[in-house]
Amino acid sequence: MRLLLAGALALAAATATPAAAEPAQEAASAMRACLDAVIDGAPVASMKGQDVEVVRETEPNACTVQVNAGEPPMVREAVLKAVSERRERFTPARTKWDAGAFATRETFCNLPSRRHLNVVISTGMPGRPLTLIATALEARERDTRCDRDEGVQRPVLR
């Protein structure tokens, strides 16, 4: 068994993608953990790594992934893939958001159901220290902007 595991690790190391892909892989893994925490109640705690930070809140039920390395498009793609793997079938909200200081800001909503889940992904601009912030959250009510275009929205900063 140990030999099989050692062989698998050696093969993974030999076929590993370039170092630039590591933040994207870490971000995707962190996003999966956040979705599992918010949706399934998985025990995920806040943590801070070298490139990726996870902030878990229980009130409101939310989990945020912040990425400070990697190429923004690669990290965004990896996080979107993690979101798309969920059975809740997240789709883009009809209402768009002003990106502000980010390259993009997108909201994804689950299919209408008893639970009201959203994922907000803000992708940083190339060359800036913040690569991506993604938050999975459960709201008390379904956001009307999921289903209706209410024009470009600007986030209220606190």
# chains A, B, ... in the order shown; residues from 1 in each chain; ligands from 1
>>> residues_around(residues="Asp98 (chain A)", least_positions_apart="2", cutoff="12 Å", atoms="only C-alpha atoms", output="PyMOL selection string")
chain A and resi 95-96+100-107+122+151-156
>>> write_last_selection(atoms="N, CA and C atoms", output="PDB file, in the first residue's frame")
ATOM      1  N   THR A  95     -28.784  40.055 -13.147  1.00  0.00           N
ATOM      2  CA  THR A  95     -28.278  41.396 -12.885  1.00  0.00           C
ATOM      3  C   THR A  95     -26.759  41.355 -12.838  1.00  0.00           C
ATOM      4  N   LYS A  96     -26.130  42.309 -13.474  1.00  0.00           N
ATOM      5  CA  LYS A  96     -24.670  42.406 -13.504  1.00  0.00           C
ATOM      6  C   LYS A  96     -24.190  43.384 -12.434  1.00  0.00           C
ATOM      7  N   GLY A 100     -15.825  47.665 -10.247  1.00  0.00           N
ATOM      8  CA  GLY A 100     -15.066  48.531  -9.351  1.00  0.00           C
ATOM      9  C   GLY A 100     -13.568  48.402  -9.605  1.00  0.00           C
ATOM     10  N   ALA A 101     -12.809  48.108  -8.563  1.00  0.00           N
ATOM     11  CA  ALA A 101     -11.353  47.983  -8.666  1.00  0.00           C
ATOM     12  C   ALA A 101     -10.921  46.620  -9.196  1.00  0.00           C
ATOM     13  N   PHE A 102     -11.875  45.756  -9.516  1.00  0.00           N
ATOM     14  CA  PHE A 102     -11.576  44.419 -10.015  1.00  0.00           C
ATOM     15  C   PHE A 102     -11.723  44.369 -11.534  1.00  0.00           C
ATOM     16  N   ALA A 103     -11.190  43.313 -12.128  1.00  0.00           N
ATOM     17  CA  ALA A 103     -11.379  43.103 -13.561  1.00  0.00           C
ATOM     18  C   ALA A 103     -12.809  42.655 -13.832  1.00  0.00           C
ATOM     19  N   THR A 104     -13.322  41.765 -12.984  1.00  0.00           N
ATOM     20  CA  THR A 104     -14.701  41.292 -13.107  1.00  0.00           C
ATOM     21  C   THR A 104     -15.295  41.078 -11.728  1.00  0.00           C
ATOM     22  N   ARG A 105     -16.606  41.201 -11.639  1.00  0.00           N
ATOM     23  CA  ARG A 105     -17.352  40.839 -10.424  1.00  0.00           C
ATOM     24  C   ARG A 105     -18.613  40.147 -10.912  1.00  0.00           C
ATOM     25  N   GLU A 106     -18.784  38.885 -10.502  1.00  0.00           N
ATOM     26  CA  GLU A 106     -19.902  38.072 -10.977  1.00  0.00           C
ATOM     27  C   GLU A 106     -20.626  37.430  -9.800  1.00  0.00           C
ATOM     28  N   THR A 107     -21.928  37.275  -9.960  1.00  0.00           N
ATOM     29  CA  THR A 107     -22.724  36.583  -8.958  1.00  0.00           C
ATOM     30  C   THR A 107     -23.368  35.371  -9.617  1.00  0.00           C
ATOM     31  N   SER A 122     -14.997  37.921  -7.457  1.00  0.00           N
ATOM     32  CA  SER A 122     -14.361  39.142  -7.935  1.00  0.00           C
ATOM     33  C   SER A 122     -12.941  38.789  -8.339  1.00  0.00           C
ATOM     34  N   GLY A 151     -30.368  46.222 -13.828  1.00  0.00           N
ATOM     35  CA  GLY A 151     -29.335  47.182 -14.210  1.00  0.00           C
ATOM     36  C   GLY A 151     -28.044  46.920 -13.450  1.00  0.00           C
ATOM     37  N   VAL A 152     -26.993  47.589 -13.864  1.00  0.00           N
ATOM     38  CA  VAL A 152     -25.693  47.379 -13.236  1.00  0.00           C
ATOM     39  C   VAL A 152     -25.755  47.832 -11.774  1.00  0.00           C
ATOM     40  N   GLN A 153     -25.359  46.961 -10.885  1.00  0.00           N
ATOM     41  CA  GLN A 153     -25.384  47.236  -9.439  1.00  0.00           C
ATOM     42  C   GLN A 153     -23.981  47.610  -8.958  1.00  0.00           C
ATOM     43  N   ARG A 154     -23.942  48.448  -7.960  1.00  0.00           N
ATOM     44  CA  ARG A 154     -22.689  48.817  -7.320  1.00  0.00           C
ATOM     45  C   ARG A 154     -22.741  48.314  -5.878  1.00  0.00           C
ATOM     46  N   PRO A 155     -21.705  47.582  -5.461  1.00  0.00           N
ATOM     47  CA  PRO A 155     -21.726  47.060  -4.098  1.00  0.00           C
ATOM     48  C   PRO A 155     -21.665  48.201  -3.059  1.00  0.00           C
ATOM     49  N   VAL A 156     -22.339  47.972  -1.957  1.00  0.00           N
ATOM     50  CA  VAL A 156     -22.290  48.919  -0.848  1.00  0.00           C
ATOM     51  C   VAL A 156     -21.117  48.490   0.029  1.00  0.00           C
TER      52      VAL A 156
END
>>> residues_around(residues="Pro92 (chain A)", least_positions_apart="6", cutoff="12 Å", atoms="only C-alpha atoms", output="VMD selection string")
chain A and resid 80 83 to 84 105 to 111 118 to 121 145 to 149
>>> closest_residue(among="A:Gly41, A:Pro60, A:Pro126, A:Pro112", to="Met74 (chain A)", atoms="only C-alpha atoms")
A:Pro126
>>> closest_residue(among="A:Lys81, A:Arg89, A:Arg32, A:Arg114", to="Thr64 (chain A)", atoms="only C-alpha atoms")
A:Arg32
>>> closest_residue(among="A:Glu71, A:Glu141, A:Glu77, A:Glu26", to="Val54 (chain A)", atoms="only C-alpha atoms")
A:Glu26
>>> select_by_dssp(residues="region 79-153 of chain A", states="strand (DSSP E)", output="list in words")
Thr91, Pro92, Thr104, Arg105, Glu106, Thr107, Phe108, Cys109, His116, Leu117, Asn118, Val119, Val120, Ile121, Ser122, Thr123, Leu132, Ile133, Ala134, Thr135, Ala136, Leu137, Glu138 and Ala139 of chain A
>>> closest_atom_pairs(of="region 56-151 of chain A", to="region 33-36 of chain A", cutoff="8 Å", atoms="only C-alpha atoms", output="JSON lines")
{"residue": "A:Arg56", "atom": "CA", "partner": "A:Cys34", "partner_atom": "CA", "distance": 7.6}
{"residue": "A:Ala62", "atom": "CA", "partner": "A:Cys34", "partner_atom": "CA", "distance": 7.9}
{"residue": "A:Cys63", "atom": "CA", "partner": "A:Cys34", "partner_atom": "CA", "distance": 5.3}
{"residue": "A:Thr64", "atom": "CA", "partner": "A:Cys34", "partner_atom": "CA", "distance": 7.0}
{"residue": "A:Val65", "atom": "CA", "partner": "A:Cys34", "partner_atom": "CA", "distance": 7.6}
{"residue": "A:Val83", "atom": "CA", "partner": "A:Leu35", "partner_atom": "CA", "distance": 7.7}
{"residue": "A:Ala136", "atom": "CA", "partner": "A:Leu35", "partner_atom": "CA", "distance": 6.2}
>>> residues_around(residues="Ala28 (chain A)", least_positions_apart="5", cutoff="7 Å", atoms="only C-alpha atoms", output="ChimeraX atom specification")
/A:78-79,82
>>> select_by_dssp(residues="region 23-125 of chain A", states="alpha helix (DSSP H)", output="PyMOL selection string")
chain A and resi 23-40+72-84
>>> closest_residue(among="A:Ser113, A:Leu132, A:Ala37, A:Gln66", to="Gln50 (chain A)", atoms="only C-alpha atoms")
A:Gln66
>>> closest_residue(among="A:Thr135, A:Gln25, A:Thr123, A:Asn61", to="Ala42 (chain A)", atoms="only C-alpha atoms")
A:Asn61
>>> closest_residue(among="A:Ala24, A:Val55, A:Ala93, A:Met31", to="Glu150 (chain A)", atoms="only C-alpha atoms")
A:Ala93
